[in-house]
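Visitor: Just dropping this structure here.
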Amino acid sequence: MKSVFQHLPESVLAQILENAFQWFVVVDKESRILYINEDYCRFLEVSRDEAIGQLVEKVIENTKMAEVIKSGITDVASPHYIKGTYMLANRVPLIVDGEIVGAFGSVVFRDMTDWKNLSSHVRTTMDKIQMTTRKSYGFADIKGSSLAIRSIKETIQMIAPSDLSVLIEGESGTGKELFAHSIHEQSERRDLPFVKINCAAIPAELLEAELFGSYDDSKKDHRKGRFELADKGTLFIDEIGAMPLTIQAKLLRAIQEGEIEPIGSHMNIQVNVRLLASTNRPLKQLIEQGRFREDLYYRIQAITLRIPPLRERMEDFTELSNTFLQQYLLKVGKRRLILASKTREYLQNYHWPGNVRELQNVIQAAVYLAENETIEPSALPDQLKQARKREHKKFVKLQEAIDNLECSMIQELLEDEKDKSVVAKQLGLSRSTLYEKIKKHNL
């Protein structure tokens with residue numbers, strides 16, 4: 001092997017590394033990048049000159065190169081979530097004379113479709129990543145001490161040990177999935193699968209197979225749906241209001257009978273699933289519109305949790321904002337960061353249409369945009385500051401606005417000109433009228 005490389009010009013080796021249909025990165029023992037191929041740089045949207053010498057975690061998100069250097073253990077075929085999708089990565093420690101001097105990493109498949117179809121092993125890995133979540137959130141992650149949140153927590157503690165279905169209502173961004181996780185983690189099924197599916201994110205023609213599975217008799221291929229994956233555990237159906245009526249009927253049977261029939265199969269499969277569902281649309285309204293089955297509604301709504309929007313639980317604002325602030329401080333490696341009083345005022349007076357999720361995103365962005373140890377209003381998105389201005393215009397009465405403007409104009413002129421006759425002339429007023437207004441505004 002050594003003799004082979006000796007006969008290869010450096011330019012040929014460079015061509016191999018740049019055109020191997022893989023992305024490569026090599027780091028030293030301090031996790032600083034020594035080499036990264038151009039194709040990888042284009043994907044990461046960074047120039048190679050900028051990347052070389054940087055700590056790898058600053059260039060590649062969610063990288064585990066430092067862990068491989070520390071442990072000395074090769075990490076092969078590991079799902080790597082980067083720029084919004086999962087890829088398949090290999091990470092290998094580089095050892096010279098028995099000492100770890102760095103690590104080599106490669107991304108083997110850059111397109112999820114390619115490697116999902118590669119083998120049943122990879123498909124199984126993807127199913128686990130996309131469908132099953134174990135203990136992502138817990139009861140302690142529900143932040144807030146408002147009356148509404150305390151009441152919800154008490155209800156969860158009472159109902160979690162049962163197998164009763166629960167309907168979770170709330171606007172987008174209120175954290176409905178967090179509450180579903182909390183119910184599961186407080187239940188006797190906590191060590192069993194928690195499987196989720198979002199009805200609004202999956203095309204209607206695919207949703208039935210995703211829920212109930214499918215069977216290809218010619219290939220003897222049985223693909224499990226979410227019900228089977230959640231067997232003996234919890235199935236969380238997010239945005240159930242977006243589910244087509246035809247599938248609602250099959251869901252009702254699955255809940256009532258505890259059995260499902262995969263597409264293409266004539267055999268029923270018994271399942272033991274605890275059902276949790278959420279909606280950001282009033283289901284009663286959908287029933288009136290003929291878009292949701294009334295019998296299914298009454299089957300899932302016996303226990304209903306209504307998650308209040310953030311604007312109705314602003315007493316929880318400080319705890320929530322501090323939680324997110326500390327979370328992202330740790331992530332970016334900053335020791336200290338506080339909200340300026342004006343920044344906090346903007347945040348507390350905003351109406352938060354995106355609820356807790358929007359607050360989380362705003363805090364995250366502000367942590368990255370802060371130039372020193374204080375988050376100034378300049379780090380906030382424009383809509384927060386514009387909303388504050390609109391709020392003033394909306395709630396100040398016309399006469400009050402006129403009086404404020406009048407007071408401001410007179411005060412400004414009096415600061416520059418002490419002769420009230422001159423000021424009265426500038427304002428187009430008589431001297432006596434000016435004195436009346438000065439007295440009215442206590443100037």
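Each chain in the structure tokens gets a letter, A, B and so on, in the order shown; residues start at 1 in every chain, and ligands are counted from 1 in the order they appear.
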Fewer than 4 positions away in the same chain doesn't count, so skip those; otherwise give me all residues within 7 Å of range 102-105 of chain A, counting only C-alpha atoms, as a list in words.

Guide: Phe24, Val25, Val26, Val27, Asp28, Lys29, Ser31, Met65, Ile69, Asn90, Arg91, Val92, Pro93 and Leu94 of chain A

Visitor: Fewer than 6 positions away in the same chain doesn't count, so skip those; otherwise give me all residues within 8 Å of range 239-248 of chain A, counting only C-alpha atoms, as a ChimeraX atom specification.

Guide: /A:198-200,204,208,277-281,283,286,291-293,296

Visitor: Taking 3 positions as the minimum chain separation for residues in the same chain, which residues sit within 12 Å of Leu427 in chain A when counting only C-alpha atoms? Answer as a list of chain:residue names.

Guide: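 Counting only the stated atoms, we get A:Glu406, A:Cys407, A:Met409, A:Ile410, A:Gln411, A:Glu412, A:Leu413, A:Leu414, A:Lys420, A:Ser421, A:Val422, A:Val423, A:Ala424, A:Ser430, A:Arg431, A:Thr433, A:Leu434, A:Lys437.
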
Visitor: At a cut-off of 10 Å, using only C-alpha atoms, what residues contact range 157-163 of chain A? Leave out same-chain residues fewer than 4 positions from it and give the result as a PyMOL selection string.

Guide: chain A and resi 139+152-153+180+182-190+234+272-276+303

Visitor: Could you name the residues that touch Met267 in chain A at 12 Å or less, counting only C-alpha atoms, but leaving out those on the same chain fewer than 6 positions away, as a compact mmCIF listing (two decimals) with N, CA and C atoms, in the first residue's frame?

Guide:
```txt
# COMPACT_ATOMS: atom_id res chain seq x y z
N GLY A 213 -49.62 0.80 8.70
CA GLY A 213 -48.68 -0.11 8.06
C GLY A 213 -49.18 -0.60 6.72
N SER A 214 -48.35 -1.39 6.06
CA SER A 214 -48.73 -1.91 4.75
C SER A 214 -48.11 -3.31 4.56
N TYR A 215 -48.70 -4.07 3.63
CA TYR A 215 -48.23 -5.44 3.39
C TYR A 215 -48.24 -5.70 1.90
N ASP A 217 -47.96 -8.63 -0.54
CA ASP A 217 -48.01 -10.09 -0.56
C ASP A 217 -47.00 -10.70 -1.52
N HIS A 222 -43.72 -6.73 5.04
CA HIS A 222 -44.64 -6.08 5.98
C HIS A 222 -43.94 -4.87 6.58
N GLU A 259 -57.27 -3.16 17.49
CA GLU A 259 -56.67 -3.90 16.39
C GLU A 259 -56.65 -3.06 15.13
N ILE A 260 -55.70 -3.36 14.27
CA ILE A 260 -55.54 -2.62 13.01
C ILE A 260 -55.44 -3.60 11.85
N GLU A 261 -55.68 -3.07 10.65
CA GLU A 261 -55.55 -3.87 9.43
C GLU A 261 -54.64 -3.13 8.46
```

Visitor: Apply DSSP to the backbone of this structure and, from range 143-269 of chain A, keep only the residues in helix (DSSP H, G or I); write these as JSON, numbers by chain.

Guide: {"A": [147, 148, 149, 150, 151, 152, 153, 154, 155, 156, 157, 158, 159, 176, 177, 178, 179, 180, 181, 182, 183, 184, 185, 204, 205, 206, 207, 208, 209, 210, 211, 212, 226, 227, 228, 229, 240, 241, 242, 245, 246, 247, 248, 249, 250, 251, 252, 253, 254, 255, 256, 257]}

Visitor: Those same residues, written as a compact mmCIF listing (two decimals), in the first residue's frame with N, CA and C atoms?

Guide:
```txt
# COMPACT_ATOMS: atom_id res chain seq x y z
N LEU A 147 -51.50 29.84 37.49
CA LEU A 147 -52.61 28.99 37.93
C LEU A 147 -52.96 27.96 36.85
N ALA A 148 -52.96 28.38 35.59
CA ALA A 148 -53.33 27.48 34.49
C ALA A 148 -52.33 26.33 34.38
N ILE A 149 -51.03 26.64 34.46
CA ILE A 149 -50.01 25.62 34.32
C ILE A 149 -50.00 24.69 35.54
N ARG A 150 -50.18 25.24 36.73
CA ARG A 150 -50.23 24.40 37.92
C ARG A 150 -51.40 23.42 37.84
N SER A 151 -52.53 23.90 37.33
CA SER A 151 -53.71 23.05 37.19
C SER A 151 -53.47 21.92 36.19
N ILE A 152 -52.80 22.24 35.08
CA ILE A 152 -52.50 21.22 34.07
C ILE A 152 -51.56 20.17 34.64
N LYS A 153 -50.54 20.60 35.36
CA LYS A 153 -49.60 19.66 35.98
C LYS A 153 -50.31 18.71 36.94
N GLU A 154 -51.22 19.26 37.74
CA GLU A 154 -51.97 18.42 38.69
C GLU A 154 -52.82 17.40 37.95
N THR A 155 -53.44 17.84 36.84
CA THR A 155 -54.26 16.94 36.05
C THR A 155 -53.41 15.82 35.44
N ILE A 156 -52.25 16.17 34.93
CA ILE A 156 -51.36 15.17 34.34
C ILE A 156 -50.98 14.11 35.37
N GLN A 157 -50.66 14.53 36.58
CA GLN A 157 -50.27 13.58 37.62
C GLN A 157 -51.42 12.64 37.97
N MET A 158 -52.63 13.12 37.84
CA MET A 158 -53.80 12.28 38.16
C MET A 158 -54.11 11.29 37.04
N ILE A 159 -53.99 11.73 35.78
CA ILE A 159 -54.44 10.90 34.66
C ILE A 159 -53.33 10.05 34.05
N LYS A 176 -47.64 21.68 22.89
CA LYS A 176 -48.54 20.53 23.10
C LYS A 176 -47.76 19.22 23.16
N GLU A 177 -46.72 19.09 22.34
CA GLU A 177 -45.93 17.85 22.36
C GLU A 177 -45.21 17.67 23.69
N LEU A 178 -44.76 18.77 24.28
CA LEU A 178 -44.11 18.70 25.59
C LEU A 178 -45.04 18.09 26.63
N PHE A 179 -46.31 18.48 26.61
CA PHE A 179 -47.27 17.95 27.57
C PHE A 179 -47.58 16.49 27.28
N ALA A 180 -47.60 16.12 26.00
CA ALA A 180 -47.81 14.71 25.64
C ALA A 180 -46.67 13.85 26.17
N HIS A 181 -45.43 14.31 25.98
CA HIS A 181 -44.27 13.60 26.51
C HIS A 181 -44.37 13.45 28.02
N SER A 182 -44.83 14.50 28.67
CA SER A 182 -44.90 14.49 30.13
C SER A 182 -45.91 13.45 30.62
N ILE A 183 -47.01 13.33 29.92
CA ILE A 183 -48.00 12.30 30.28
C ILE A 183 -47.37 10.92 30.16
N HIS A 184 -46.67 10.69 29.05
CA HIS A 184 -46.01 9.40 28.83
C HIS A 184 -44.97 9.12 29.92
N GLU A 185 -44.15 10.11 30.25
CA GLU A 185 -43.08 9.91 31.22
C GLU A 185 -43.60 9.72 32.64
N ALA A 204 -52.13 13.13 2.56
CA ALA A 204 -53.28 12.29 2.90
C ALA A 204 -53.18 10.89 2.32
N GLU A 205 -52.62 10.78 1.11
CA GLU A 205 -52.55 9.47 0.45
C GLU A 205 -51.52 8.54 1.11
N LEU A 206 -50.62 9.11 1.93
CA LEU A 206 -49.62 8.30 2.61
C LEU A 206 -49.93 8.08 4.09
N LEU A 207 -50.84 8.87 4.62
CA LEU A 207 -51.08 8.87 6.06
C LEU A 207 -51.60 7.53 6.56
N GLU A 208 -52.48 6.88 5.80
CA GLU A 208 -53.05 5.61 6.24
C GLU A 208 -51.96 4.56 6.43
N ALA A 209 -51.05 4.47 5.46
CA ALA A 209 -49.96 3.49 5.57
C ALA A 209 -49.03 3.83 6.71
N GLU A 210 -48.80 5.13 6.94
CA GLU A 210 -47.93 5.54 8.03
C GLU A 210 -48.52 5.16 9.38
N LEU A 211 -49.84 5.24 9.50
CA LEU A 211 -50.50 4.90 10.77
C LEU A 211 -50.64 3.40 10.97
N PHE A 212 -51.14 2.71 9.95
CA PHE A 212 -51.54 1.32 10.12
C PHE A 212 -50.61 0.31 9.46
N ARG A 226 -47.23 3.30 12.57
CA ARG A 226 -46.98 3.88 13.88
C ARG A 226 -47.69 3.11 15.01
N PHE A 227 -48.87 2.55 14.73
CA PHE A 227 -49.57 1.79 15.76
C PHE A 227 -48.75 0.60 16.22
N GLU A 228 -48.18 -0.13 15.27
CA GLU A 228 -47.38 -1.30 15.65
C GLU A 228 -46.08 -0.88 16.35
N LEU A 229 -45.48 0.22 15.89
CA LEU A 229 -44.25 0.69 16.52
C LEU A 229 -44.50 1.15 17.95
N ILE A 240 -54.52 16.24 14.88
CA ILE A 240 -55.50 15.22 14.48
C ILE A 240 -56.62 15.82 13.65
N GLY A 241 -56.84 17.12 13.77
CA GLY A 241 -57.89 17.77 12.99
C GLY A 241 -57.62 17.77 11.50
N ALA A 242 -56.36 17.52 11.11
CA ALA A 242 -56.01 17.48 9.68
C ALA A 242 -56.17 16.09 9.09
N LEU A 245 -61.34 12.16 6.72
CA LEU A 245 -62.48 11.44 7.32
C LEU A 245 -62.36 9.93 7.14
N THR A 246 -61.87 9.50 5.98
CA THR A 246 -61.78 8.06 5.72
C THR A 246 -60.84 7.38 6.71
N ILE A 247 -59.77 8.06 7.07
CA ILE A 247 -58.82 7.49 8.02
C ILE A 247 -59.34 7.61 9.44
N GLN A 248 -60.14 8.64 9.70
CA GLN A 248 -60.74 8.79 11.03
C GLN A 248 -61.58 7.58 11.40
N ALA A 249 -62.30 7.03 10.42
CA ALA A 249 -63.13 5.86 10.69
C ALA A 249 -62.27 4.66 11.09
N LYS A 250 -61.15 4.49 10.42
CA LYS A 250 -60.25 3.38 10.72
C LYS A 250 -59.57 3.59 12.07
N LEU A 251 -59.28 4.85 12.40
CA LEU A 251 -58.68 5.17 13.70
C LEU A 251 -59.65 4.86 14.83
N LEU A 252 -60.91 5.20 14.64
CA LEU A 252 -61.92 4.93 15.66
C LEU A 252 -62.00 3.44 15.96
N ARG A 253 -61.96 2.63 14.91
CA ARG A 253 -62.01 1.18 15.11
C ARG A 253 -60.78 0.68 15.85
N ALA A 254 -59.61 1.25 15.51
CA ALA A 254 -58.37 0.84 16.17
C ALA A 254 -58.43 1.15 17.66
N ILE A 255 -59.01 2.31 18.00
CA ILE A 255 -59.11 2.69 19.41
C ILE A 255 -60.09 1.79 20.15
N GLN A 256 -61.25 1.56 19.51
CA GLN A 256 -62.31 0.79 20.18
C GLN A 256 -61.99 -0.70 20.26
N GLU A 257 -61.45 -1.26 19.19
CA GLU A 257 -61.24 -2.71 19.13
C GLU A 257 -59.81 -3.12 19.51
```

Visitor: Where in range 38-213 of chain A does DSSP assign strand (DSSP E), given as JSON, numbers by chain?

Guide: {"A": [75, 76, 77, 78, 79, 80, 81, 82, 85, 86, 87, 88, 89, 90, 91, 92, 93, 94, 95, 96, 99, 100, 101, 102, 103, 104, 105, 106, 107, 108, 109, 166, 167, 168, 169, 194, 195, 196, 197, 198]}

Visitor: Generate the output file for the selected residues, N, CA and C atoms, as a CSV table (one decimal), in the first residue's frame.

Guide:
```csv
chain,number,residue,atom,x,y,z
A,75,ASP,N,-16.5,5.5,15.3
A,75,ASP,CA,-18.0,5.6,15.2
A,75,ASP,C,-18.4,5.5,13.7
A,76,VAL,N,-19.0,4.3,13.4
A,76,VAL,CA,-19.3,4.0,12.0
A,76,VAL,C,-20.8,4.0,11.8
A,77,ALA,N,-21.2,4.5,10.6
A,77,ALA,CA,-22.6,4.5,10.1
A,77,ALA,C,-23.5,5.2,11.2
A,78,SER,N,-23.1,6.3,11.7
A,78,SER,CA,-23.9,7.0,12.7
A,78,SER,C,-24.7,8.1,12.1
A,79,PRO,N,-26.0,8.1,12.4
A,79,PRO,CA,-26.9,9.2,11.8
A,79,PRO,C,-26.4,10.6,12.4
A,80,HIS,N,-26.2,11.5,11.5
A,80,HIS,CA,-25.7,12.9,11.8
A,80,HIS,C,-26.7,13.9,11.3
A,81,TYR,N,-27.3,14.6,12.2
A,81,TYR,CA,-28.3,15.6,11.8
A,81,TYR,C,-27.6,17.0,11.6
A,82,ILE,N,-27.7,17.4,10.3
A,82,ILE,CA,-27.0,18.6,9.9
A,82,ILE,C,-27.8,19.3,8.8
A,85,THR,N,-31.4,17.9,8.1
A,85,THR,CA,-31.6,16.5,7.6
A,85,THR,C,-30.6,15.6,8.3
A,86,TYR,N,-31.0,14.3,8.3
A,86,TYR,CA,-30.0,13.3,8.8
A,86,TYR,C,-29.2,12.7,7.6
A,87,MET,N,-27.9,12.5,7.9
A,87,MET,CA,-27.0,11.9,7.0
A,87,MET,C,-26.2,10.8,7.7
A,88,LEU,N,-25.5,10.0,7.0
A,88,LEU,CA,-24.8,8.9,7.5
A,88,LEU,C,-23.3,9.2,7.6
A,89,ALA,N,-22.7,9.2,8.8
A,89,ALA,CA,-21.3,9.7,9.0
A,89,ALA,C,-20.5,8.6,9.6
A,90,ASN,N,-19.2,8.6,9.3
A,90,ASN,CA,-18.2,7.7,9.9
A,90,ASN,C,-17.1,8.6,10.6
A,91,ARG,N,-16.6,8.2,11.7
A,91,ARG,CA,-15.6,9.0,12.4
A,91,ARG,C,-14.6,8.1,13.0
A,92,VAL,N,-13.3,8.3,12.6
A,92,VAL,CA,-12.2,7.3,12.9
A,92,VAL,C,-11.1,8.1,13.6
A,93,PRO,N,-10.6,7.6,14.8
A,93,PRO,CA,-9.5,8.3,15.4
A,93,PRO,C,-8.2,8.0,14.6
A,94,LEU,N,-7.3,8.9,14.5
A,94,LEU,CA,-6.0,8.8,13.8
A,94,LEU,C,-4.9,8.5,14.9
A,95,ILE,N,-4.3,7.4,14.8
A,95,ILE,CA,-3.3,7.0,15.8
A,95,ILE,C,-1.9,6.8,15.2
A,96,VAL,N,-0.9,7.4,15.8
A,96,VAL,CA,0.4,7.4,15.3
A,96,VAL,C,1.3,7.0,16.6
A,99,GLU,N,-0.5,6.8,19.9
A,99,GLU,CA,-1.0,8.0,20.4
A,99,GLU,C,-2.1,8.6,19.4
A,100,ILE,N,-3.2,9.1,20.0
A,100,ILE,CA,-4.2,9.7,19.1
A,100,ILE,C,-3.8,11.1,18.8
A,101,VAL,N,-3.6,11.3,17.5
A,101,VAL,CA,-3.2,12.6,17.0
A,101,VAL,C,-4.3,13.4,16.3
A,102,GLY,N,-5.5,12.9,16.2
A,102,GLY,CA,-6.6,13.5,15.6
A,102,GLY,C,-7.6,12.6,15.2
A,103,ALA,N,-8.5,13.0,14.2
A,103,ALA,CA,-9.5,12.1,13.7
A,103,ALA,C,-9.9,12.4,12.3
A,104,PHE,N,-10.5,11.4,11.6
A,104,PHE,CA,-10.9,11.6,10.3
A,104,PHE,C,-12.4,11.3,10.2
A,105,GLY,N,-13.1,12.2,9.5
A,105,GLY,CA,-14.6,12.0,9.4
A,105,GLY,C,-15.0,12.0,8.0
A,106,SER,N,-16.1,11.3,7.7
A,106,SER,CA,-16.6,11.3,6.3
A,106,SER,C,-18.1,11.2,6.4
A,107,VAL,N,-18.8,11.9,5.5
A,107,VAL,CA,-20.2,11.7,5.3
A,107,VAL,C,-20.4,10.9,4.0
A,108,VAL,N,-21.0,9.7,4.2
A,108,VAL,CA,-21.1,8.7,3.1
A,108,VAL,C,-22.2,9.0,2.2
A,109,PHE,N,-23.4,9.2,2.7
A,109,PHE,CA,-24.5,9.4,1.9
A,109,PHE,C,-25.1,10.8,2.2
A,166,VAL,N,-56.2,11.1,25.8
A,166,VAL,CA,-56.2,12.5,26.2
A,166,VAL,C,-56.1,13.4,24.9
A,167,LEU,N,-56.9,14.4,24.9
A,167,LEU,CA,-56.9,15.4,23.8
A,167,LEU,C,-56.3,16.7,24.4
A,168,ILE,N,-55.2,17.2,23.7
A,168,ILE,CA,-54.5,18.4,24.1
A,168,ILE,C,-54.8,19.5,23.1
A,169,GLU,N,-55.4,20.5,23.5
A,169,GLU,CA,-55.8,21.6,22.7
A,169,GLU,C,-54.9,22.8,23.0
A,194,PHE,N,-42.5,5.8,22.8
A,194,PHE,CA,-43.4,7.0,22.6
A,194,PHE,C,-43.2,7.3,21.1
A,195,VAL,N,-44.3,7.1,20.3
A,195,VAL,CA,-44.3,7.3,18.9
A,195,VAL,C,-45.2,8.4,18.5
A,196,LYS,N,-44.7,9.3,17.6
A,196,LYS,CA,-45.5,10.4,17.2
A,196,LYS,C,-45.7,10.5,15.7
A,197,ILE,N,-46.8,11.1,15.3
A,197,ILE,CA,-47.1,11.4,13.9
A,197,ILE,C,-47.8,12.7,13.8
A,198,ASN,N,-47.4,13.5,12.8
A,198,ASN,CA,-48.1,14.8,12.6
A,198,ASN,C,-48.9,14.7,11.3
```

Visitor: Pick out the closest residue to Glu30 in chain A from this set: A:Val356, A:Leu339, A:Val56, A:Met314. Count only C-alpha atoms.

Guide: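 The shortest atom-to-atom distance to Glu30 in chain A comes from A:Val56.
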
Visitor: May I ask for the distance between CA of Ala302 in chain A and CA of Leu164 in chain A, given in Å to one decimal place?

Guide: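 Atom-to-atom, CA of Ala302 in chain A to CA of Leu164 in chain A, that is 8.2 Å.
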
Visitor: Distance CA of Ile300 in chain A-CA of Ser165 in chain A, one decimal place?

Guide: 5.5 Å
